[in-house]
>>> print(open('structure03.cif').read())   # mmCIF, C-alpha atoms
data_entry
#
loop_
_atom_site.label_atom_id
_atom_site.label_comp_id
_atom_site.auth_asym_id
_atom_site.auth_seq_id
_atom_site.Cartn_x
_atom_site.Cartn_y
_atom_site.Cartn_z
CA MET A 1 -14.83 10.21 7.12
CA THR A 2 -17.01 9.99 10.22
CA GLU A 3 -15.18 9.25 13.46
CA THR A 4 -18.15 9.46 15.81
CA PRO A 5 -16.99 9.84 19.41
CA ALA A 6 -18.39 7.44 21.97
CA ARG A 7 -20.49 8.88 24.78
CA PHE A 8 -19.55 7.71 28.25
CA THR A 9 -17.88 8.91 31.44
CA ALA A 10 -14.36 9.23 30.13
CA ALA A 11 -10.88 9.90 31.43
CA LEU A 12 -7.65 10.89 29.74
CA LEU A 13 -4.25 10.31 31.36
CA VAL A 14 -1.32 12.51 30.33
CA GLU A 15 2.33 12.18 31.24
CA GLY A 16 4.63 14.94 30.08
CA ASP A 17 3.53 15.97 26.60
CA ARG A 18 1.96 12.62 25.66
CA ILE A 19 -1.32 10.81 26.14
CA VAL A 20 -0.74 7.64 28.15
CA SER A 21 -4.23 6.22 28.04
CA LEU A 22 -7.84 7.20 27.52
CA GLY A 23 -11.22 5.58 27.58
CA ARG A 24 -13.86 4.78 30.14
CA GLN A 25 -13.01 6.26 33.49
CA ALA A 26 -12.99 2.86 35.18
CA ASP A 27 -10.44 1.54 32.65
CA VAL A 28 -7.91 4.40 32.89
CA ARG A 29 -5.62 3.49 35.74
CA VAL A 30 -2.78 5.37 37.39
CA THR A 31 0.33 3.62 38.64
CA ASP A 32 0.11 3.02 42.39
CA GLY A 33 1.73 5.82 44.34
CA ALA A 34 1.96 8.15 41.33
CA SER A 35 1.28 11.84 41.92
CA VAL A 36 -1.58 12.99 39.71
CA ASP A 37 -3.09 16.41 39.09
CA ARG A 38 -6.77 15.56 38.68
CA ARG A 39 -9.25 17.80 36.88
CA GLU A 40 -12.91 16.98 36.55
CA TYR A 41 -15.33 18.46 34.04
CA ALA A 42 -18.93 17.64 34.82
CA GLU A 43 -21.02 17.33 31.65
CA GLY A 44 -17.97 18.16 29.55
CA THR A 45 -16.70 16.57 26.34
CA ILE A 46 -13.04 15.87 25.57
CA LEU A 47 -12.06 16.62 21.97
CA PRO A 48 -8.81 16.76 20.04
CA GLY A 49 -7.40 20.27 19.76
CA LEU A 50 -8.92 22.00 16.76
CA VAL A 51 -6.90 22.21 13.53
CA ASP A 52 -7.58 25.29 11.41
CA ALA A 53 -6.36 24.55 7.89
CA HIS A 54 -6.47 28.17 6.68
CA THR A 55 -5.40 31.33 8.49
CA HIS A 56 -3.84 34.71 7.68
CA LEU A 57 -2.53 35.83 11.03
CA VAL A 58 -1.15 39.16 9.83
CA ALA A 59 -4.68 40.51 9.21
CA PRO A 60 -6.75 42.23 11.95
CA GLY A 61 -10.14 40.77 10.99
CA ASP A 62 -11.82 44.18 11.03
CA GLY A 63 -12.53 44.58 7.33
CA THR A 64 -9.12 45.98 6.38
CA LEU A 65 -8.30 45.00 2.78
CA GLY A 66 -5.26 42.85 2.18
CA ASP A 67 -3.75 45.60 0.01
CA ASP A 68 -3.73 47.84 3.08
CA VAL A 69 -2.56 45.12 5.48
CA ALA A 70 0.52 44.69 3.28
CA LYS A 71 1.42 48.38 3.66
CA GLU A 72 2.21 47.84 7.35
CA ASP A 73 5.81 47.29 8.41
CA ASP A 74 6.76 43.69 9.09
CA ASP A 75 7.39 44.32 12.78
CA ILE A 76 3.83 45.58 13.27
CA LEU A 77 2.46 42.63 11.32
CA LEU A 78 4.47 40.25 13.51
CA LEU A 79 2.90 41.76 16.64
CA GLN A 80 -0.55 41.48 15.05
CA ALA A 81 0.11 37.86 14.10
CA ALA A 82 1.34 36.98 17.60
CA LYS A 83 -1.79 38.51 19.13
CA ASN A 84 -3.99 36.53 16.75
CA ALA A 85 -2.09 33.29 17.39
CA ARG A 86 -2.73 33.65 21.12
CA THR A 87 -6.43 34.26 20.50
CA LEU A 88 -6.70 31.16 18.31
CA LEU A 89 -4.94 28.99 20.87
CA HIS A 90 -7.26 30.17 23.63
CA SER A 91 -10.26 29.27 21.47
CA GLY A 92 -9.09 25.65 21.18
CA VAL A 93 -7.00 25.72 17.98
CA THR A 94 -3.78 23.89 18.85
CA THR A 95 -2.52 23.46 15.26
CA LEU A 96 -3.00 25.66 12.21
CA ARG A 97 -1.89 26.12 8.64
CA GLU A 98 -0.87 29.67 7.83
CA ASN A 99 -1.90 30.45 4.24
CA GLY A 100 0.26 33.42 3.48
CA ALA A 101 1.90 36.33 5.27
CA LYS A 102 4.20 39.17 4.25
CA GLY A 103 7.94 38.80 4.06
CA GLN A 104 9.44 36.75 6.90
CA VAL A 105 6.58 37.24 9.38
CA ALA A 106 5.26 33.67 9.32
CA PHE A 107 8.76 32.21 9.66
CA SER A 108 9.51 34.48 12.62
CA LEU A 109 6.24 33.72 14.38
CA ARG A 110 6.62 29.95 13.95
CA GLU A 111 10.09 30.13 15.46
CA GLY A 112 8.94 32.37 18.28
CA ILE A 113 6.18 29.95 19.21
CA ARG A 114 8.59 27.02 18.96
CA ARG A 115 10.94 28.78 21.40
CA GLN A 116 7.98 29.59 23.67
CA LEU A 117 8.61 33.31 23.29
CA ALA A 118 4.92 33.71 22.49
CA PRO A 119 1.91 31.40 22.94
CA GLY A 120 0.23 30.05 19.85
CA PRO A 121 -0.84 26.96 17.91
CA ARG A 122 1.66 24.68 16.24
CA MET A 123 2.19 26.21 12.80
CA VAL A 124 2.40 24.74 9.31
CA ILE A 125 3.47 27.57 6.99
CA CYS A 126 3.96 28.45 3.34
CA GLY A 127 5.77 31.65 4.24
CA ARG A 128 4.46 33.67 1.31
CA PRO A 129 1.93 32.70 -1.37
CA ILE A 130 3.27 32.61 -4.93
CA ALA A 131 1.33 34.98 -7.21
CA ILE A 132 1.64 36.46 -10.69
CA THR A 133 2.83 40.04 -10.93
CA GLY A 134 -0.11 42.16 -9.80
CA GLY A 135 -1.98 39.05 -8.73
CA HIS A 136 -3.87 38.37 -5.52
CA MET A 137 -1.56 38.63 -2.50
CA GLY A 138 1.45 39.37 -4.66
CA TYR A 139 2.02 42.27 -2.25
CA PHE A 140 3.31 39.80 0.35
CA GLY A 141 6.55 39.40 -1.59
CA SER A 142 6.55 36.33 -3.84
CA GLU A 143 5.47 37.51 -7.28
CA ALA A 144 6.80 35.23 -10.02
CA ASP A 145 5.95 34.70 -13.70
CA GLY A 146 6.93 31.94 -16.11
CA GLU A 147 7.87 28.32 -15.52
CA ALA A 148 11.50 28.94 -14.57
CA ALA A 149 10.68 31.80 -12.22
CA VAL A 150 7.91 30.02 -10.34
CA ARG A 151 10.05 26.91 -9.93
CA ALA A 152 12.83 29.09 -8.55
CA GLU A 153 10.39 30.74 -6.14
CA VAL A 154 9.34 27.33 -4.81
CA ARG A 155 12.98 26.48 -4.19
CA LYS A 156 13.53 29.81 -2.46
CA LEU A 157 10.58 29.29 -0.11
CA LEU A 158 11.65 25.75 0.71
CA LYS A 159 15.14 27.03 1.47
CA GLU A 160 13.62 29.56 3.88
CA GLY A 161 11.75 26.77 5.65
CA ALA A 162 8.28 26.59 4.09
CA ASP A 163 6.33 23.47 5.04
CA TYR A 164 4.18 23.55 1.89
CA ILE A 165 3.61 25.74 -1.17
CA LYS A 166 0.62 28.07 -1.50
CA ILE A 167 -0.24 29.02 -5.09
CA VAL A 168 -2.60 31.82 -6.06
CA ALA A 169 -4.22 30.26 -9.14
CA SER A 170 -6.85 32.96 -9.70
CA GLY A 171 -7.42 36.56 -8.79
CA GLY A 172 -9.02 37.52 -5.49
CA SER A 173 -9.79 40.56 -3.37
CA THR A 174 -6.53 42.30 -4.32
CA ARG A 175 -7.40 45.47 -6.23
CA THR A 176 -5.19 44.65 -9.23
CA SER A 177 -6.58 41.13 -9.72
CA ASP A 178 -9.74 39.55 -11.18
CA PRO A 179 -11.26 36.81 -9.01
CA ASN A 180 -13.20 35.40 -11.98
CA ARG A 181 -10.13 34.57 -14.05
CA ALA A 182 -7.31 32.07 -13.73
CA SER A 183 -3.88 33.56 -13.19
CA TYR A 184 -1.24 30.91 -13.80
CA THR A 185 -1.12 28.63 -16.84
CA VAL A 186 -1.17 24.87 -16.42
CA ALA A 187 2.51 24.74 -17.37
CA GLU A 188 3.40 27.21 -14.61
CA LEU A 189 1.29 25.30 -12.09
CA VAL A 190 2.95 22.02 -13.10
CA ALA A 191 6.37 23.58 -12.52
CA MET A 192 5.37 24.51 -8.97
CA THR A 193 3.67 21.25 -8.02
CA ASP A 194 6.47 19.19 -9.55
CA GLU A 195 9.12 21.09 -7.60
CA ALA A 196 7.16 20.90 -4.35
CA HIS A 197 6.35 17.20 -4.73
CA ARG A 198 9.97 16.39 -5.59
CA HIS A 199 10.83 17.72 -2.14
CA GLY A 200 7.98 15.87 -0.44
CA LYS A 201 5.88 19.00 0.10
CA LEU A 202 2.15 19.50 -0.42
CA THR A 203 0.60 22.26 -2.51
CA ALA A 204 -2.58 24.26 -2.03
CA ALA A 205 -4.13 26.72 -4.47
CA HIS A 206 -6.47 29.68 -4.13
CA CYS A 207 -9.16 29.13 -6.78
CA THR A 208 -12.17 31.42 -7.22
CA SER A 209 -12.83 30.57 -10.86
CA ALA A 210 -13.78 27.39 -12.66
CA GLN A 211 -10.81 27.63 -15.01
CA ALA A 212 -8.44 27.92 -12.06
CA VAL A 213 -9.93 24.77 -10.49
CA GLN A 214 -9.56 22.92 -13.80
CA ASN A 215 -5.97 24.13 -14.25
CA CYS A 216 -5.05 23.00 -10.74
CA LEU A 217 -6.54 19.56 -11.28
CA ASP A 218 -4.51 19.31 -14.49
CA ALA A 219 -1.40 20.20 -12.45
CA ASP A 220 -2.01 17.75 -9.56
CA VAL A 221 -2.49 20.38 -6.83
CA ASP A 222 -3.24 18.71 -3.48
CA MET A 223 -5.80 21.16 -2.05
CA ILE A 224 -8.25 23.49 -3.76
CA ILE A 225 -9.02 26.52 -1.60
CA HIS A 226 -12.41 28.24 -1.98
CA CYS A 227 -13.26 26.09 -5.06
CA ILE A 228 -15.74 28.50 -6.63
CA PHE A 229 -16.94 27.67 -10.14
CA THR A 230 -17.32 31.18 -11.54
CA GLU A 231 -16.95 32.08 -15.22
CA PRO A 232 -14.93 35.07 -16.53
CA ASP A 233 -18.11 37.18 -16.70
CA GLY A 234 -18.81 36.53 -13.01
CA THR A 235 -21.67 34.07 -13.49
CA TYR A 236 -21.72 30.87 -11.45
CA ARG A 237 -22.32 27.43 -12.92
CA PHE A 238 -21.97 24.27 -10.84
CA ARG A 239 -19.51 21.94 -12.57
CA PRO A 240 -20.26 18.22 -12.03
CA ASP A 241 -17.37 17.38 -14.37
CA LEU A 242 -14.89 19.15 -12.11
CA VAL A 243 -16.49 17.62 -9.01
CA GLU A 244 -15.95 14.16 -10.50
CA ARG A 245 -12.31 15.04 -11.09
CA LEU A 246 -11.92 16.31 -7.51
CA VAL A 247 -13.23 12.98 -6.21
CA ALA A 248 -11.03 10.93 -8.53
CA ALA A 249 -7.94 12.96 -7.59
CA LYS A 250 -8.73 12.66 -3.86
CA ALA A 251 -8.02 16.38 -3.66
CA TRP A 252 -9.00 18.23 -0.51
CA VAL A 253 -11.38 21.18 -0.79
CA ASN A 254 -11.31 24.04 1.74
CA PRO A 255 -14.55 25.93 0.97
CA THR A 256 -14.10 28.89 3.41
CA LEU A 257 -17.81 29.63 3.74
CA TYR A 258 -17.94 31.79 6.86
CA VAL A 259 -15.49 34.44 5.68
CA MET A 260 -18.16 35.49 3.17
CA LYS A 261 -20.96 35.42 5.75
CA ALA A 262 -18.83 37.43 8.18
CA GLY A 263 -18.31 40.06 5.52
CA ILE A 264 -22.04 40.32 4.87
CA ASP A 265 -23.11 40.44 8.51
CA ARG A 266 -20.38 42.65 9.93
CA LEU A 267 -20.35 45.13 7.07
CA ARG A 268 -24.10 45.54 7.51
CA GLU A 269 -23.73 46.01 11.27
CA ALA A 270 -20.90 48.53 10.85
CA ARG A 271 -22.78 50.62 8.31
CA GLU A 272 -25.92 50.53 10.46
CA ARG A 273 -23.93 51.93 13.40
CA GLU A 274 -22.46 54.62 11.16
CA GLY A 275 -25.85 55.47 9.64
CA GLN A 276 -24.49 54.69 6.18
CA LEU A 277 -26.58 51.66 5.18
CA THR A 278 -27.67 53.01 1.80
CA PRO A 279 -30.21 51.27 -0.50
CA ASP A 280 -27.39 50.42 -2.91
CA LEU A 281 -25.36 48.79 -0.14
CA VAL A 282 -28.44 46.88 1.08
CA ALA A 283 -28.96 45.54 -2.45
CA GLN A 284 -25.27 44.61 -2.70
CA LEU A 285 -25.40 42.72 0.61
CA GLU A 286 -28.53 40.85 -0.44
CA ASP A 287 -26.81 39.82 -3.69
CA SER A 288 -23.88 38.57 -1.61
CA ARG A 289 -26.21 36.60 0.65
CA ARG A 290 -27.79 34.89 -2.35
CA ALA A 291 -24.32 34.09 -3.68
CA LEU A 292 -23.44 32.57 -0.31
CA ASP A 293 -26.54 30.37 -0.47
CA VAL A 294 -25.35 29.11 -3.86
CA ARG A 295 -21.93 28.32 -2.42
CA VAL A 296 -23.38 26.48 0.58
CA ASP A 297 -25.49 24.37 -1.79
CA ALA A 298 -22.41 23.67 -3.93
CA VAL A 299 -20.50 22.42 -0.90
CA ARG A 300 -23.43 20.18 -0.02
CA ARG A 301 -23.43 18.73 -3.54
CA MET A 302 -19.66 18.27 -3.57
CA SER A 303 -19.71 16.57 -0.19
CA GLU A 304 -22.51 14.23 -1.27
CA ALA A 305 -20.46 13.36 -4.36
CA GLY A 306 -17.54 12.29 -2.15
CA VAL A 307 -15.26 15.33 -2.25
CA ARG A 308 -13.03 15.48 0.82
CA MET A 309 -13.83 18.61 2.82
CA THR A 310 -11.43 20.25 5.24
CA ALA A 311 -12.24 23.07 7.64
CA GLY A 312 -10.13 26.19 7.30
CA SER A 313 -11.43 29.54 8.43
CA ASP A 314 -9.51 32.03 6.24
CA SER A 315 -9.51 34.23 9.35
CA PRO A 316 -8.69 36.89 10.29
CA TRP A 317 -9.04 37.90 6.63
CA GLY A 318 -11.63 40.54 5.78
CA TRP A 319 -14.27 40.80 8.49
CA TYR A 320 -13.65 37.32 9.95
CA ALA A 321 -12.41 38.00 13.50
CA PRO A 322 -9.69 35.75 14.98
CA GLY A 323 -10.64 33.01 17.42
CA GLU A 324 -13.93 32.14 15.71
CA PHE A 325 -12.95 29.00 13.78
CA VAL A 326 -16.06 27.31 15.18
CA HIS A 327 -18.12 29.38 12.72
CA GLU A 328 -16.52 27.58 9.78
CA ILE A 329 -17.15 24.17 11.34
CA HIS A 330 -20.77 25.21 11.91
CA MET A 331 -21.10 26.36 8.29
CA LEU A 332 -19.96 22.94 7.07
CA ALA A 333 -22.76 21.45 9.16
CA GLN A 334 -25.19 23.89 7.56
CA ALA A 335 -23.89 22.68 4.19
CA GLY A 336 -25.03 19.15 4.99
CA LEU A 337 -22.24 17.52 6.99
CA SER A 338 -23.34 15.81 10.17
CA TYR A 339 -22.15 17.47 13.36
CA SER A 340 -19.66 14.63 13.83
CA ASP A 341 -18.31 14.97 10.27
CA ALA A 342 -18.06 18.75 10.62
CA ILE A 343 -16.04 18.34 13.82
CA VAL A 344 -13.80 15.76 12.14
CA ALA A 345 -13.29 18.23 9.28
CA GLY A 346 -11.89 20.65 11.87
CA THR A 347 -9.74 18.08 13.68
CA ALA A 348 -8.55 14.79 12.10
CA GLY A 349 -9.59 15.72 8.56
CA ALA A 350 -7.93 19.11 8.72
CA ALA A 351 -4.77 17.55 10.14
CA ASP A 352 -4.67 14.98 7.33
CA SER A 353 -5.28 17.64 4.69
CA ILE A 354 -2.29 19.73 5.78
CA GLY A 355 0.07 16.79 6.21
CA VAL A 356 0.17 16.51 10.01
CA GLY A 357 -2.32 13.69 10.53
CA GLY A 358 0.26 11.73 12.49
CA LEU A 359 0.76 14.59 14.90
CA ALA A 360 -2.53 16.42 15.43
CA GLY A 361 -6.29 16.08 15.25
CA ARG A 362 -6.75 12.76 17.05
CA LEU A 363 -6.59 11.41 20.60
CA ALA A 364 -4.69 8.15 21.10
CA PRO A 365 -2.07 6.72 23.46
CA GLY A 366 1.42 7.89 22.52
CA ARG A 367 0.25 10.96 20.64
CA LEU A 368 0.88 14.54 21.69
CA ALA A 369 -1.63 15.64 24.34
CA ASP A 370 -3.36 18.38 22.35
CA PHE A 371 -6.98 18.49 23.45
CA MET A 372 -9.79 20.72 24.62
CA VAL A 373 -12.78 20.32 26.91
CA VAL A 374 -16.12 21.92 26.12
CA ARG A 375 -19.32 22.08 28.12
CA GLY A 376 -21.99 19.88 26.58
CA ASP A 377 -21.91 17.49 23.62
CA PRO A 378 -21.07 19.15 20.28
CA THR A 379 -22.03 16.01 18.35
CA ARG A 380 -25.61 16.72 19.46
CA GLU A 381 -25.44 20.53 19.45
CA ILE A 382 -22.42 21.90 17.62
CA THR A 383 -22.63 25.32 19.28
CA ALA A 384 -21.22 23.63 22.40
CA LEU A 385 -17.83 24.15 20.73
CA TRP A 386 -18.07 27.79 21.78
CA ASP A 387 -18.22 26.90 25.49
CA VAL A 388 -14.54 26.02 26.02
CA LEU A 389 -13.66 24.97 29.55
CA ASP A 390 -9.96 24.25 29.04
CA VAL A 391 -7.34 23.90 26.32
CA TYR A 392 -4.24 21.70 26.57
CA GLN A 393 -1.28 21.81 24.20
CA ALA A 394 1.42 19.14 24.43
CA GLY A 395 0.11 18.21 27.88
CA ARG A 396 0.25 21.76 29.23
CA ARG A 397 -2.93 23.51 30.35
CA ILE A 398 -3.15 26.87 28.64
CA GLU A 399 -3.72 29.81 30.96
CA ARG A 400 -6.51 31.58 29.17
CA GLY A 401 -7.32 34.31 31.68
CA VAL A 402 -10.92 33.12 32.12
CA PRO A 403 -12.63 31.61 35.18
#
>>> encode(input="structure03.cif", output="structure tokens")
Amino acid sequence: MTETPARFTAALLVEGDRIVSLGRQADVRVTDGASVDRREYAEGTILPGLVDAHTHLVAPGDGTLGDDVAKEDDDILLLQAAKNARTLLHSGVTTLRENGAKGQVAFSLREGIRRQLAPGPRMVICGRPIAITGGHMGYFGSEADGEAAVRAEVRKLLKEGADYIKIVASGGSTRTSDPNRASYTVAELVAMTDEAHRHGKLTAAHCTSAQAVQNCLDADVDMIIHCIFTEPDGTYRFRPDLVERLVAAKAWVNPTLYVMKAGIDRLREAREREGQLTPDLVAQLEDSRRALDVRVDAVRRMSEAGVRMTAGSDSPWGWYAPGEFVHEIHMLAQAGLSYSDAIVAGTAGAADSIGVGGLAGRLAPGRLADFMVVRGDPTREITALWDVLDVYQAGRRIERGVP
């Protein structure tokens, strides 16, 4: 997977919305007499625009539960999503996959960005996630049960303009669901993947239980989100048998590690400020931290086994603030990926995993000029990704309101 960038004094030439040439500065030539807007970035690194494979733009990222997010009117959620999209773009994310919003919000935002009514990354959307009645994120408006009903829901979403199908294959943080148990049967999952694949669309499934992962592999789901091997009683057992199947299926895994860490750190900070950090809460947070360590180790073992990892933040869900996708890339590095591989997971790999590898995530002549410039070399110190000097989308420099 590694696509290690070369280190040299580089130049990139853009005309309109496309890259014309790139490479060593001495080899990138401008047509004689052409008018060129030159920008120089001393000690900077040129990277493809980041590709976040997992967002929920309707959420505020301040700890609000999804159940309560869904109680907001769609017009308020659209404003929230537009604000978050702008923040992500300014941080260097030029393409994203939206993993589930309420009602028509994602469709409206994608169209608004396309019409340049609001700034934001290029969007790949599912519209609404498909969930069982009372299941995780069913409150967004696409609850469906039974093979015929879920197939019909896929058709409905595709008619509305969904780019892919998001399936909620286990419970989650929704109050009426159980994250340790599978939701849909294999037959129901097969109905959804078959219908999506017949129309040339990818599928992705939320899986926080081992049975859900197994069911999704049986149903040929393209991406496993979270991929947590928990049992119905809440215990965790690493599953080499399922890892082997993930490798054989060439399924993508989006582990979403930082959303858990953000919840631990920010909840602790908030309760400290409020003077409400009780011994019980401290113990709960420490249990969560140990569970996170287990998940990081599982991602390391999956990656070493050859599972394809994609970077998707899951922000601004829970306590994961918008515009901090770099945290997820950094967590993948902490889980054993090299800095270069972690960056690829958030650029070319993420683009491939969401079906836009021909459009985003790479720099090459003829491709759209989506790129960013950071101070320093993130392949040597990944935290350089935070120090963004400029962001370009389709050849246009984004006005970010910073010096």
>>> residues_around(input="structure03.cif", residues="A:Ala182", least_positions_apart="5", cutoff="6 Å", atoms="all atoms listed in the file", output="number ranges by chain")
A: 169-170, 211-212
>>> residues_around(input="structure03.cif", residues="A:Gly141", least_positions_apart="2", cutoff="10 Å", atoms="all atoms listed in the file", output="list in words")
Ala70, Ala101, Lys102, Gly103, Gln104, Gly127, Arg128, Pro129, Ile130, Ala131, Met137, Gly138, Tyr139, Glu143 and Ala144 of chain A
>>> resolve_selection(input="structure03.cif", expression="the PyMOL selection byres ((chain A and resi 24) around 6)", output="MDAnalysis selection string")
chainID A and resid 9:10 23 25:27
>>> closest_residue(input="structure03.cif", among="A:Thr94, A:Ser108, A:Ser288, A:Thr64", to="A:Gly323", atoms="only C-alpha atoms")
A:Thr94
>>> closest_residue(input="structure03.cif", among="A:Gly92, A:Gly361, A:Gly146, A:Gly376", to="A:Tyr41", atoms="only C-alpha atoms")
A:Gly376
>>> resolve_selection(input="structure03.cif", expression="the PyMOL selection byres ((chain A and resi 368) around 10)", output="PyMOL selection string")
chain A and resi 14-20+358-367+369-371+393-395
>>> write_last_selection(input="structure03.cif", atoms="C-alpha atoms", output="mmCIF file, keeping the file's coordinate frame")
data_model
loop_
_atom_site.group_PDB
_atom_site.id
_atom_site.type_symbol
_atom_site.label_atom_id
_atom_site.label_comp_id
_atom_site.auth_asym_id
_atom_site.auth_seq_id
_atom_site.Cartn_x
_atom_site.Cartn_y
_atom_site.Cartn_z
ATOM 1 C CA VAL A 14 -1.320 12.510 30.330
ATOM 2 C CA GLU A 15 2.330 12.180 31.240
ATOM 3 C CA GLY A 16 4.630 14.940 30.080
ATOM 4 C CA ASP A 17 3.530 15.970 26.600
ATOM 5 C CA ARG A 18 1.960 12.620 25.660
ATOM 6 C CA ILE A 19 -1.320 10.810 26.140
ATOM 7 C CA VAL A 20 -0.740 7.640 28.150
ATOM 8 C CA GLY A 358 0.260 11.730 12.490
ATOM 9 C CA LEU A 359 0.760 14.590 14.900
ATOM 10 C CA ALA A 360 -2.530 16.420 15.430
ATOM 11 C CA GLY A 361 -6.290 16.080 15.250
ATOM 12 C CA ARG A 362 -6.750 12.760 17.050
ATOM 13 C CA LEU A 363 -6.590 11.410 20.600
ATOM 14 C CA ALA A 364 -4.690 8.150 21.100
ATOM 15 C CA PRO A 365 -2.070 6.720 23.460
ATOM 16 C CA GLY A 366 1.420 7.890 22.520
ATOM 17 C CA ARG A 367 0.250 10.960 20.640
ATOM 18 C CA ALA A 369 -1.630 15.640 24.340
ATOM 19 C CA ASP A 370 -3.360 18.380 22.350
ATOM 20 C CA PHE A 371 -6.980 18.490 23.450
ATOM 21 C CA GLN A 393 -1.280 21.810 24.200
ATOM 22 C CA ALA A 394 1.420 19.140 24.430
ATOM 23 C CA GLY A 395 0.110 18.210 27.880
#
>>> atom_distance(input="structure03.cif", atom1="atom CA of A:Ala311", atom2="atom CA of A:Ala342")
7.8 Å
>>> residues_around(input="structure03.cif", residues="A:Ile46", least_positions_apart="2", cutoff="9 Å", atoms="all atoms listed in the file", output="VMD selection string")
chain A and resid 10 to 12 44 48 371 to 374
>>> closest_residue(input="structure03.cif", among="A:Met331, A:Arg301, A:Met192, A:Thr235", to="A:Lys261", atoms="all atoms listed in the file")
A:Met331
>>> residues_around(input="structure03.cif", residues="A:Gln80", least_positions_apart="6", cutoff="9 Å", atoms="only C-alpha atoms", output="PyMOL selection string")
chain A and resi 57-60
>>> resolve_selection(input="structure03.cif", expression="the PyMOL selection byres ((chain A and resi 264) around 12)", output="PyMOL selection string")
chain A and resi 63+257-263+265-271+281-292+318-320
>>> closest_residue(input="structure03.cif", among="A:Leu50, A:Leu78, A:Ala191, A:Ala350", to="A:Val391", atoms="only C-alpha atoms")
A:Leu50
>>> build_atoms(input="structure03.cif", residues="stretch 299-303 of chain A", atoms="all heavy atoms", output="mmCIF file, keeping the file's coordinate frame")
data_model
loop_
_atom_site.group_PDB
_atom_site.id
_atom_site.type_symbol
_atom_site.label_atom_id
_atom_site.label_comp_id
_atom_site.auth_asym_id
_atom_site.auth_seq_id
_atom_site.Cartn_x
_atom_site.Cartn_y
_atom_site.Cartn_z
ATOM 1 N N VAL A 299 -21.268 23.237 -1.836
ATOM 2 C CA VAL A 299 -20.500 22.420 -0.900
ATOM 3 C C VAL A 299 -21.288 21.174 -0.515
ATOM 4 O O VAL A 299 -20.740 20.068 -0.427
ATOM 5 C CB VAL A 299 -20.117 23.235 0.355
ATOM 6 C CG1 VAL A 299 -19.521 22.346 1.438
ATOM 7 C CG2 VAL A 299 -19.124 24.333 -0.020
ATOM 8 N N ARG A 300 -22.579 21.344 -0.314
ATOM 9 C CA ARG A 300 -23.430 20.180 -0.020
ATOM 10 C C ARG A 300 -23.347 19.165 -1.156
ATOM 11 O O ARG A 300 -23.142 17.963 -0.915
ATOM 12 C CB ARG A 300 -24.871 20.630 0.188
ATOM 13 C CG ARG A 300 -25.852 19.465 0.412
ATOM 14 C CD ARG A 300 -27.295 19.936 0.443
ATOM 15 N NE ARG A 300 -27.692 20.546 -0.827
ATOM 16 C CZ ARG A 300 -28.001 19.864 -1.926
ATOM 17 N NH1 ARG A 300 -27.942 18.536 -1.923
ATOM 18 N NH2 ARG A 300 -28.356 20.495 -3.027
ATOM 19 N N ARG A 301 -23.459 19.629 -2.389
ATOM 20 C CA ARG A 301 -23.430 18.730 -3.540
ATOM 21 C C ARG A 301 -22.054 18.088 -3.708
ATOM 22 O O ARG A 301 -21.952 16.892 -4.049
ATOM 23 C CB ARG A 301 -23.838 19.488 -4.803
ATOM 24 C CG ARG A 301 -25.278 19.963 -4.767
ATOM 25 C CD ARG A 301 -25.610 20.903 -5.914
ATOM 26 N NE ARG A 301 -25.642 20.216 -7.195
ATOM 27 C CZ ARG A 301 -25.896 20.807 -8.361
ATOM 28 N NH1 ARG A 301 -26.132 22.123 -8.384
ATOM 29 N NH2 ARG A 301 -25.922 20.111 -9.491
ATOM 30 N N MET A 302 -21.001 18.840 -3.484
ATOM 31 C CA MET A 302 -19.660 18.270 -3.570
ATOM 32 C C MET A 302 -19.442 17.211 -2.504
ATOM 33 O O MET A 302 -18.886 16.133 -2.768
ATOM 34 C CB MET A 302 -18.602 19.372 -3.453
ATOM 35 C CG MET A 302 -18.426 20.192 -4.707
ATOM 36 S SD MET A 302 -16.950 21.264 -4.645
ATOM 37 C CE MET A 302 -17.562 22.598 -3.626
ATOM 38 N N SER A 303 -19.882 17.516 -1.286
ATOM 39 C CA SER A 303 -19.710 16.570 -0.190
ATOM 40 C C SER A 303 -20.485 15.276 -0.458
ATOM 41 O O SER A 303 -19.974 14.170 -0.242
ATOM 42 C CB SER A 303 -20.178 17.205 1.124
ATOM 43 O OG SER A 303 -20.030 16.313 2.195
#
